[in-house]
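Q: Submitted below is the structure of interest, expressed as structure tokens.
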Number of protein chains: 2
Amino acid sequence: MAAVQSKSARVTIHDLAKAAGVSVSTVSKALNGNGRMAAETRERIQRLARETGFRPNALARGLLSSRSFTVGLLTNDTYGRFTLPVMAGISEALVDHGVSVFLCAIEDDPTLAKVHVDAMLDKQVDGIIATGKRIDRSLPVDLEGLPVPVVYAFTQGATGSVTLTSDDEQGAQLATEWLRGLGRSRLVHITGPDSFQSACERADAFREAAGPDAVVMHGEWSELWGHRAIANIWQSGRERPDGIVCGNDQIARGVVDALRERNVAVPEQVSVIGFDNWEIVAAQTRPPLTTIDMNLRELGRQAGLMVLALSEGKTVEGGVRKLPCKLVVRKSCGGAQD
Amino acid sequence: MAAVQSKSARVTIHDLAKAAGVSVSTVSKALNGNGRMAAETRERIQRLARETGFRPNALARGLLSSRSFTVGLLTNDTYGRFTLPVMAGISEALVDHGVSVFLCAIEDDPTLAKVHVDAMLDKQVDGIIATGKRIDRSLPVDLEGLPVPVVYAFTQGATGSVTLTSDDEQGAQLATEWLRGLGRSRLVHITGPDSFQSACERADAFREAAGPDAVVMHGEWSELWGHRAIANIWQSGRERPDGIVCGNDQIARGVVDALRERNVAVPEQVSVIGFDNWEIVAAQTRPPLTTIDMNLRELGRQAGLMVLALSEGKTVEGGVRKLPCKLVVRKSCGGAQD
DNA sequence: TTGAAAGCGTTACCAA
DNA sequence: TTGGTAACGCTTTCAA
């Protein structure tokens with residue numbers, strides 16, 4: 001049953017030198033394009049390297065250059081709702097530079113986090129990216145004063161540290177104005193707990209764009225809350241909205257379902273807009289949700305490029321950098337896609 | 001704005017030797033517990049190491065031992081539905097052994113995959129774990145004949161290779177028998193496309209457990225299909241089921257929603273069971289779904305321990321290893337939780 | 001144009 | 001009980 005694994009042996013630079021009948025240093029120079037040398041020699045060596053599938057040992061290289069071409073990614077988001085796209089972006093940005101990414105899932109365990117950080121440091125990572133699920137909480141580990149640069153993405157860093165996050169205010173404003181642009185005027189915002197900074201920032205931006213009368217309802221980040229919120233509004237005898245800005249796609253889904261149960265047509269009678277563009281929720285809702293996308297992948301890309309720059313000694317300005325969100329139009333608001 | 005990063009300098013074994021007034025080799029021995037030496041010397045050196053925060057350079061160590069304490073994780077599951085728990089399991093199992101995990105998201109791009117594999121090989125990974133979203137498709141890259149061991153998790157490997165997956169048949173059987181145990185006798189299975197091996201295996205196990213009359217309906221892995229399937233059944237004039245085994249949680253959710261729209265009570269009139277235990281779907285459905293959990297995290301753990309064993313030269317029997325699923329009881333079937 | 005040698009931070013072996 | 005030395009695979013400097 002055990003298959004024959006024709007484990008290809010590894011070729012070292014010594015092997016190559018012997019095969020080519022030159023010295024080790026000549027091979028090194030030939031392959032790295034350094035120094036002057038006979039074009040013929042260089043080509044011969046390069047051909048040989050290609051034929052034998054020679055690949056330099058990154059450990060040896062790293063030992064010498066004190067760069068490992070490796071960065072660590074710390075995350076406490078087991079769900080992956082936010083982390084996965086960010087990770088994909090980081091990986092994508094760095095692979096082009098020959099940099100590999102260590103994945104460290106730390107849950108919320110400080111001890112585990114410490115173990116991971118130490119392991120990464122031992123392996124001489126060129127930098128660390130810390131990611132989380134909310135900008136107003138920090139990971140359960142102190143990343144200050146490490147011998148390598150740290151970039152924070154979607155999690156709280158120390159003051160002055162380099163932090164990337166999405167622009168919640170701009171996103172909420174975008175959503176609100178989209179509804180207004182569609183002629184909706186009685187707007188309500190149904191969102192998550194006011195203990196979340198992002199919920200508050202979105203709510204503020206909503207109020208700003210919707211006017212002082214517009215109602216904000218805080219609850220959980222769940223479908224159930226979206227559902228309940230609609231029940232509350234419909235039972236209260238209050239004026240009923242014709243446009244609902246939701247704090248995330250799950251809430252929006254609850255809202256849409258609750259409206260359907262009341263025979264309120266979406267988007268004809270009420271426009272509903274979500275937040276997150278969580279494909280799996282947004283696309284499966286009936287009707288599919290128009291929503292705000294936080295460009296998490298791009299955020300990851302930038303985070304990757306930033307640690308890289310920092311690890312190369314470049315200077316990156318500290319502070320929180322907010323990346324703009326974009327609107328994704330589906331059917332739940334009417335308008336363009338109707 | 002730029003914070004003062006008091007980058008702690010790295011201590012080498014040389015520094016330590018100088019500080020302790022002994023030779024480098026003595027320090028090494030003292031810290032690794034090798035060889036005989038004066039207890040006093042050993043303690044003095046260990047204390048010094050602790051005080052200075054000395055940590056050996058893993059690159060240097062790896063160069064010598066030709067073990068990098070690093071493994072690569074290849075995945076084409078951007079969504080992370082399956083990969084994330086698997087990754088968490090791998091990471092969890094390996095961190096205890098001082099092994100770090102390179103995350104490589106390769107989408108379905110063969111070129112990208114090759115680049116990642118080469119980068120990992122350069123970095124002297126001790127082994128590679130390949131993960132995917134279905135057991136009947138392989139990653140777009142050939143992992144045979146690599147100089148390091150490979151373990152496949154939830155994706156197809158070459159014959160004879162070490163592969164881990166969950167036991168679809170056992171899972172479906174578990175689900176079906178749970179419904180029968182609750183007294184349900186008119187069973188239907190609504191599942192994904194018959195082009196998926198797992199859909200077929202689950203369907204076979206369902207037929208086996210439910211009896212020859214039991215109906216299997218193949219469609220998409222979506223809520224929409226669950227919805228439509230119920231519409232089909234209810235319109236067809238066929239006998240209506242009192243128990244529905246779904247191919248995944250999304251289908252189950254569509255089914256539950258469709259039943260509610262028809263005023264069919266779940267679980268009172270019909271029991272519905274899902275598959276996947278995708279928290280975000282299963283727990284948010286009304287009523288919350290009883291479902292089958294594939295133990296993906298455990299699968300990851302085992303995959304991690306297996307590459308580790310292989311990389312240490314131990315022999316692991318090849319072939320496909322199927323891990324049992326477990327039942328997660330919520331409310332959609334009635335019974336225990338009622 | 002090429003090669004010898006030193007050195008990166010460790011560990012292992014053998015001699016003192 | 002301790003220390004010198006070689007070695008891991010590579011790059012770089014300097015000399016030939």
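Scheme for the structure tokens: letters A, B, ... for chains in order shown; per-chain residue numbers from 1; ligand numbers from 1 in order shown.
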Quick one: which chain C residues come within 8 Å of chain A, and what is the nearest atom pair for each with the distance in Å to one decimal, counting only C-alpha atoms (C1' of nucleotides), rows ordered by chain and ascending number, as CSV?
A:
residue,atom,partner,partner_atom,distance
C:DT1,C1',A:Met37,CA,5.5
C:DT2,C1',A:Thr26,CA,6.9
C:DG3,C1',A:Ser23,CA,6.2
C:DC8,C1',A:Leu64,CA,4.4
C:DG9,C1',A:Leu63,CA,7.5
Q: Based on only C-alpha atoms, which of the residues in chain A come within 7 Å of chain B? I want them as an mmCIF file with N, CA, C and O atoms, in the first residue's frame.
A:
data_model
loop_
_atom_site.group_PDB
_atom_site.id
_atom_site.type_symbol
_atom_site.label_atom_id
_atom_site.label_comp_id
_atom_site.auth_asym_id
_atom_site.auth_seq_id
_atom_site.Cartn_x
_atom_site.Cartn_y
_atom_site.Cartn_z
ATOM 1 N N MET A 1 0.819 -1.204 0.000
ATOM 2 C CA MET A 1 0.000 0.000 0.000
ATOM 3 C C MET A 1 0.862 1.267 0.000
ATOM 4 O O MET A 1 0.544 2.252 -0.648
ATOM 5 N N ALA A 2 1.961 1.206 0.700
ATOM 6 C CA ALA A 2 2.826 2.389 0.759
ATOM 7 C C ALA A 2 3.442 2.661 -0.610
ATOM 8 O O ALA A 2 4.130 1.815 -1.168
ATOM 9 N N ALA A 3 3.153 3.824 -1.144
ATOM 10 C CA ALA A 3 3.652 4.150 -2.477
ATOM 11 C C ALA A 3 5.147 4.466 -2.423
ATOM 12 O O ALA A 3 5.663 4.911 -1.399
ATOM 13 N N GLN A 5 7.937 6.660 -2.790
ATOM 14 C CA GLN A 5 8.123 8.105 -2.858
ATOM 15 C C GLN A 5 9.536 8.376 -3.351
ATOM 16 O O GLN A 5 10.486 8.325 -2.591
ATOM 17 N N SER A 6 9.651 8.647 -4.643
ATOM 18 C CA SER A 6 10.994 8.875 -5.172
ATOM 19 C C SER A 6 11.485 10.238 -4.721
ATOM 20 O O SER A 6 11.616 11.174 -5.493
ATOM 21 N N LYS A 7 11.732 10.326 -3.450
ATOM 22 C CA LYS A 7 12.179 11.580 -2.854
ATOM 23 C C LYS A 7 13.376 12.136 -3.613
ATOM 24 O O LYS A 7 14.465 11.591 -3.541
ATOM 25 N N SER A 8 13.118 13.214 -4.326
ATOM 26 C CA SER A 8 14.232 13.814 -5.061
ATOM 27 C C SER A 8 15.216 14.381 -4.058
ATOM 28 O O SER A 8 14.857 15.147 -3.183
ATOM 29 N N ALA A 9 16.477 13.985 -4.208
ATOM 30 C CA ALA A 9 17.508 14.476 -3.296
ATOM 31 C C ALA A 9 17.723 15.962 -3.519
ATOM 32 O O ALA A 9 17.432 16.486 -4.599
ATOM 33 N N ARG A 55 17.900 24.684 -5.735
ATOM 34 C CA ARG A 55 17.250 25.809 -5.055
ATOM 35 C C ARG A 55 18.017 26.067 -3.775
ATOM 36 O O ARG A 55 18.207 25.167 -2.957
ATOM 37 N N PRO A 56 18.464 27.293 -3.602
ATOM 38 C CA PRO A 56 19.278 27.609 -2.420
ATOM 39 C C PRO A 56 18.515 27.404 -1.125
ATOM 40 O O PRO A 56 17.319 27.672 -1.056
ATOM 41 N N ASN A 57 19.196 26.938 -0.130
ATOM 42 C CA ASN A 57 18.631 26.709 1.193
ATOM 43 C C ASN A 57 18.380 28.042 1.893
ATOM 44 O O ASN A 57 19.304 28.784 2.202
ATOM 45 N N ALA A 58 17.093 28.304 2.119
ATOM 46 C CA ALA A 58 16.728 29.602 2.686
ATOM 47 C C ALA A 58 17.216 29.752 4.123
ATOM 48 O O ALA A 58 17.434 30.871 4.596
ATOM 49 N N LEU A 59 17.392 28.650 4.809
ATOM 50 C CA LEU A 59 17.873 28.723 6.181
ATOM 51 C C LEU A 59 19.312 29.262 6.201
ATOM 52 O O LEU A 59 19.641 30.166 6.971
ATOM 53 N N ALA A 60 20.116 28.702 5.340
ATOM 54 C CA ALA A 60 21.513 29.140 5.258
ATOM 55 C C ALA A 60 21.578 30.604 4.842
ATOM 56 O O ALA A 60 22.306 31.412 5.418
ATOM 57 N N LEU A 63 20.469 32.810 7.645
ATOM 58 C CA LEU A 63 21.433 32.882 8.728
ATOM 59 C C LEU A 63 22.442 33.989 8.448
ATOM 60 O O LEU A 63 22.835 34.751 9.326
ATOM 61 N N GLY A 80 -12.986 33.116 11.229
ATOM 62 C CA GLY A 80 -12.409 33.460 9.956
ATOM 63 C C GLY A 80 -13.229 34.430 9.144
ATOM 64 O O GLY A 80 -12.863 34.791 8.050
ATOM 65 N N LEU A 84 -10.014 35.550 7.277
ATOM 66 C CA LEU A 84 -9.661 34.822 6.061
ATOM 67 C C LEU A 84 -9.359 35.712 4.865
ATOM 68 O O LEU A 84 -8.327 35.552 4.238
ATOM 69 N N ALA A 88 -5.764 36.056 3.062
ATOM 70 C CA ALA A 88 -5.579 35.831 1.632
ATOM 71 C C ALA A 88 -4.837 37.010 1.012
ATOM 72 O O ALA A 88 -3.923 36.829 0.201
ATOM 73 N N SER A 91 -1.096 36.968 2.150
ATOM 74 C CA SER A 91 -0.400 35.892 1.442
ATOM 75 C C SER A 91 -0.132 36.292 -0.002
ATOM 76 O O SER A 91 0.978 36.139 -0.519
ATOM 77 N N GLY A 98 8.607 36.489 -2.262
ATOM 78 C CA GLY A 98 9.295 35.320 -1.722
ATOM 79 C C GLY A 98 9.129 35.159 -0.224
ATOM 80 O O GLY A 98 9.870 34.432 0.421
ATOM 81 N N SER A 100 7.025 33.962 3.037
ATOM 82 C CA SER A 100 5.994 33.025 3.478
ATOM 83 C C SER A 100 5.409 33.482 4.809
ATOM 84 O O SER A 100 6.052 34.211 5.553
ATOM 85 N N VAL A 101 4.203 33.020 5.084
ATOM 86 C CA VAL A 101 3.464 33.504 6.244
ATOM 87 C C VAL A 101 3.190 32.388 7.255
ATOM 88 O O VAL A 101 2.630 31.358 6.904
ATOM 89 N N PHE A 102 3.613 32.624 8.483
ATOM 90 C CA PHE A 102 3.285 31.683 9.553
ATOM 91 C C PHE A 102 1.909 32.002 10.103
ATOM 92 O O PHE A 102 1.638 33.139 10.492
ATOM 93 N N LEU A 103 1.060 31.006 10.138
ATOM 94 C CA LEU A 103 -0.273 31.215 10.686
ATOM 95 C C LEU A 103 -0.315 30.805 12.149
ATOM 96 O O LEU A 103 0.015 29.674 12.491
ATOM 97 N N CYS A 104 -0.722 31.720 13.000
ATOM 98 C CA CYS A 104 -0.826 31.403 14.423
ATOM 99 C C CYS A 104 -2.208 31.722 14.943
ATOM 100 O O CYS A 104 -2.565 32.892 15.107
ATOM 101 N N ALA A 105 -2.994 30.707 15.193
ATOM 102 C CA ALA A 105 -4.334 30.889 15.745
ATOM 103 C C ALA A 105 -4.231 30.844 17.256
ATOM 104 O O ALA A 105 -3.857 29.826 17.827
ATOM 105 N N ALA A 119 7.887 31.304 19.285
ATOM 106 C CA ALA A 119 8.263 30.383 18.206
ATOM 107 C C ALA A 119 8.605 31.154 16.938
ATOM 108 O O ALA A 119 9.578 30.848 16.244
ATOM 109 N N ASP A 122 11.925 32.941 17.377
ATOM 110 C CA ASP A 122 13.000 31.960 17.218
ATOM 111 C C ASP A 122 13.299 31.717 15.750
ATOM 112 O O ASP A 122 14.437 31.547 15.347
ATOM 113 N N LYS A 123 12.222 31.695 14.975
ATOM 114 C CA LYS A 123 12.400 31.412 13.556
ATOM 115 C C LYS A 123 12.766 32.668 12.783
ATOM 116 O O LYS A 123 12.766 32.663 11.555
ATOM 117 N N GLU A 144 4.744 45.016 21.893
ATOM 118 C CA GLU A 144 5.641 46.173 21.915
ATOM 119 C C GLU A 144 7.068 45.709 22.193
ATOM 120 O O GLU A 144 7.289 44.720 22.887
ATOM 121 N N GLY A 145 8.004 46.474 21.671
ATOM 122 C CA GLY A 145 9.392 46.221 22.025
ATOM 123 C C GLY A 145 9.961 44.923 21.495
ATOM 124 O O GLY A 145 11.009 44.456 21.930
ATOM 125 N N LEU A 146 9.246 44.324 20.565
ATOM 126 C CA LEU A 146 9.778 43.125 19.919
ATOM 127 C C LEU A 146 10.922 43.524 18.985
ATOM 128 O O LEU A 146 10.981 44.653 18.526
ATOM 129 N N PRO A 147 11.816 42.593 18.704
ATOM 130 C CA PRO A 147 12.931 42.949 17.821
ATOM 131 C C PRO A 147 12.540 43.018 16.351
ATOM 132 O O PRO A 147 13.392 43.192 15.503
ATOM 133 N N GLY A 160 0.486 54.933 18.337
ATOM 134 C CA GLY A 160 1.645 55.180 17.499
ATOM 135 C C GLY A 160 2.015 54.012 16.625
ATOM 136 O O GLY A 160 2.786 54.152 15.682
ATOM 137 N N SER A 161 1.452 52.847 16.913
ATOM 138 C CA SER A 161 1.766 51.682 16.094
ATOM 139 C C SER A 161 1.051 51.780 14.748
ATOM 140 O O SER A 161 0.103 52.542 14.590
ATOM 141 N N GLU A 223 -29.111 37.650 13.207
ATOM 142 C CA GLU A 223 -30.357 37.613 12.459
ATOM 143 C C GLU A 223 -31.541 37.858 13.384
ATOM 144 O O GLU A 223 -32.472 38.581 13.070
ATOM 145 N N GLN A 284 -27.402 34.690 -0.402
ATOM 146 C CA GLN A 284 -28.451 33.695 -0.194
ATOM 147 C C GLN A 284 -29.751 34.294 0.329
ATOM 148 O O GLN A 284 -30.768 33.616 0.411
ATOM 149 N N GLU A 317 4.610 55.669 8.453
ATOM 150 C CA GLU A 317 4.019 56.541 9.454
ATOM 151 C C GLU A 317 3.059 55.762 10.359
ATOM 152 O O GLU A 317 2.259 54.965 9.873
ATOM 153 N N GLY A 318 3.160 56.007 11.655
ATOM 154 C CA GLY A 318 2.299 55.299 12.596
ATOM 155 C C GLY A 318 0.880 55.841 12.596
ATOM 156 O O GLY A 318 0.550 56.769 11.866
#
Q: From a backbone DSSP assignment, name each residue in stretch 89-305 of chain A labelled helix (DSSP H, G or I), as number ranges by chain.
A: A: 89-95, 110-122, 168-181, 197-210, 223-236, 249-261, 279-282, 296-305
Q: Please list as a JSON list (two decimals) with N, CA, C and O atoms (P, O5', C5', C4', C3', O3' and C1' of nucleotides), in the first residue's frame every residue within 12 Å of C:DA6, counting only C-alpha atoms (C1' of nucleotides) and excluding residues in the same chain fewer than 6 positions away.
A:
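Dumped everything to selection02.json:
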[["chain", "number", "residue", "atom", "x", "y", "z"],
["D", 11, "DT", "P", 23.68, 32.38, -1.85],
["D", 11, "DT", "O5'", 24.58, 33.42, -1.05],
["D", 11, "DT", "C5'", 23.97, 34.21, -0.04],
["D", 11, "DT", "C4'", 25.00, 35.18, 0.51],
["D", 11, "DT", "C3'", 25.60, 36.16, -0.49],
["D", 11, "DT", "O3'", 25.66, 37.41, 0.15],
["D", 11, "DT", "C1'", 27.32, 34.97, 0.58],
["D", 12, "DT", "P", 25.91, 38.72, -0.72],
["D", 12, "DT", "O5'", 27.29, 39.26, -0.14],
["D", 12, "DT", "C5'", 27.58, 39.10, 1.25],
["D", 12, "DT", "C4'", 29.07, 39.31, 1.46],
["D", 12, "DT", "C3'", 29.73, 40.25, 0.46],
["D", 12, "DT", "O3'", 30.56, 41.15, 1.18],
["D", 12, "DT", "C1'", 30.91, 38.21, 0.56],
["D", 13, "DT", "P", 31.06, 42.53, 0.51],
["D", 13, "DT", "O5'", 32.58, 42.60, 1.00],
["D", 13, "DT", "C5'", 32.94, 42.00, 2.24],
["D", 13, "DT", "C4'", 34.35, 41.44, 2.15],
["D", 13, "DT", "C3'", 35.31, 42.30, 1.32],
["D", 13, "DT", "O3'", 36.48, 42.54, 2.09],
["D", 13, "DT", "C1'", 35.42, 40.05, 0.63],
["D", 14, "DC", "P", 37.50, 43.70, 1.67],
["D", 14, "DC", "O5'", 38.78, 42.83, 1.34],
["D", 14, "DC", "C5'", 39.08, 41.69, 2.15],
["D", 14, "DC", "C4'", 39.97, 40.75, 1.37],
["D", 14, "DC", "C3'", 41.03, 41.47, 0.51],
["D", 14, "DC", "O3'", 42.27, 40.82, 0.72],
["D", 14, "DC", "C1'", 39.85, 39.91, -0.80]]
Q: Enumerate as a PDB file with N, CA and C atoms (P, O5', C5', C4', C3', O3' and C1' of nucleotides), in the first residue's frame the residues belonging to chain D that approach chain B to within 10 Å, with only C-alpha atoms (C1' of nucleotides) taken into account.
A:
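Result file part.pdb:
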ATOM      1  P    DT D   1      31.337  15.855  36.027  1.00  0.00           P
ATOM      2  O5'  DT D   1      32.043  17.191  35.547  1.00  0.00           O
ATOM      3  C5'  DT D   1      32.467  18.159  36.469  1.00  0.00           C
ATOM      4  C4'  DT D   1      33.335  19.089  35.694  1.00  0.00           C
ATOM      5  C3'  DT D   1      32.554  20.057  34.802  1.00  0.00           C
ATOM      6  O3'  DT D   1      32.986  21.362  35.131  1.00  0.00           O
ATOM      7  C1'  DT D   1      34.249  18.971  33.552  1.00  0.00           C
ATOM      8  P    DT D   2      32.495  22.614  34.411  1.00  0.00           P
ATOM      9  O5'  DT D   2      33.391  22.609  33.130  1.00  0.00           O
ATOM     10  C5'  DT D   2      34.473  23.493  33.010  1.00  0.00           C
ATOM     11  C4'  DT D   2      35.190  23.237  31.719  1.00  0.00           C
ATOM     12  C3'  DT D   2      34.721  24.095  30.559  1.00  0.00           C
ATOM     13  O3'  DT D   2      35.567  25.219  30.500  1.00  0.00           O
ATOM     14  C1'  DT D   2      35.402  21.887  29.909  1.00  0.00           C
ATOM     15  P    DG D   3      35.232  26.367  29.471  1.00  0.00           P
ATOM     16  O5'  DG D   3      36.060  25.859  28.210  1.00  0.00           O
ATOM     17  C5'  DG D   3      37.422  25.530  28.358  1.00  0.00           C
ATOM     18  C4'  DG D   3      37.985  25.085  27.026  1.00  0.00           C
ATOM     19  C3'  DG D   3      37.628  26.004  25.851  1.00  0.00           C
ATOM     20  O3'  DG D   3      38.784  26.146  25.052  1.00  0.00           O
ATOM     21  C1'  DG D   3      36.919  23.790  25.371  1.00  0.00           C
ATOM     22  P    DG D   4      38.911  27.292  24.025  1.00  0.00           P
ATOM     23  O5'  DG D   4      39.354  26.479  22.729  1.00  0.00           O
ATOM     24  C5'  DG D   4      40.408  25.527  22.827  1.00  0.00           C
ATOM     25  C4'  DG D   4      40.371  24.606  21.615  1.00  0.00           C
ATOM     26  C3'  DG D   4      40.218  25.327  20.269  1.00  0.00           C
ATOM     27  O3'  DG D   4      41.165  24.753  19.377  1.00  0.00           O
ATOM     28  C1'  DG D   4      38.500  23.699  20.532  1.00  0.00           C
ATOM     29  P    DA D   7      34.908  19.227   8.517  1.00  0.00           P
ATOM     30  O5'  DA D   7      33.323  19.386   8.448  1.00  0.00           O
ATOM     31  C5'  DA D   7      32.486  18.548   9.249  1.00  0.00           C
ATOM     32  C4'  DA D   7      31.147  19.225   9.422  1.00  0.00           C
ATOM     33  C3'  DA D   7      30.618  19.904   8.144  1.00  0.00           C
ATOM     34  O3'  DA D   7      29.461  19.232   7.705  1.00  0.00           O
ATOM     35  C1'  DA D   7      30.317  21.262  10.072  1.00  0.00           C
ATOM     36  P    DC D   8      28.978  19.469   6.169  1.00  0.00           P
ATOM     37  O5'  DC D   8      27.437  19.764   6.247  1.00  0.00           O
ATOM     38  C5'  DC D   8      26.581  19.507   7.355  1.00  0.00           C
ATOM     39  C4'  DC D   8      25.565  20.610   7.480  1.00  0.00           C
ATOM     40  C3'  DC D   8      25.408  21.452   6.212  1.00  0.00           C
ATOM     41  O3'  DC D   8      24.299  20.954   5.456  1.00  0.00           O
ATOM     42  C1'  DC D   8      25.480  22.811   8.211  1.00  0.00           C
ATOM     43  P    DG D   9      24.414  20.765   3.908  1.00  0.00           P
ATOM     44  O5'  DG D   9      24.216  22.237   3.335  1.00  0.00           O
ATOM     45  C5'  DG D   9      22.950  22.844   3.432  1.00  0.00           C
ATOM     46  C4'  DG D   9      23.060  24.271   2.951  1.00  0.00           C
ATOM     47  C3'  DG D   9      23.647  24.425   1.546  1.00  0.00           C
ATOM     48  O3'  DG D   9      22.789  25.285   0.832  1.00  0.00           O
ATOM     49  C1'  DG D   9      24.818  25.793   3.065  1.00  0.00           C
TER      50       DG D   9
END
Q: How many Å separate atom CA of B:Gly300 from atom CA of A:Ala303?
A: 27.6 Å
Q: So that I can check the surroundings of stretch 205-216 of chain B, please list as an MDAnalysis selection string every protein, DNA and RNA residue that reaches within 8 Å of it, counting only C-alpha atoms (C1' of nucleotides) and ignoring chain neighbours fewer than 4 positions away.
A: chainID B and resid 169:170 172:173 176:177 180 185:191 201
Q: I'd like to know which residues of stretch 136-222 of chain B are strand (DSSP E or B) (by DSSP, run on the backbone); could you write them as a PyMOL selection string?
A: chain B and resi 150-153+162-166+187-191+215-218
Q: Could you list, as a VMD selection string, every residue within 10 Å of B:Gln197, counting only C-alpha atoms (C1' of nucleotides) and ignoring same-chain residues fewer than 2 positions away?
A: chain B and resid 134 to 137 168 192 to 195 199 to 203
Q: Determine the nearest neighbour of A:Asp276 from the options A:Gln302, A:Gln156, A:Ser166, A:Thr52, counting only C-alpha atoms.
A: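 Of A:Gln302, A:Gln156, A:Ser166, A:Thr52, the one nearest A:Asp276 is A:Ser166, counting only C-alpha atoms.
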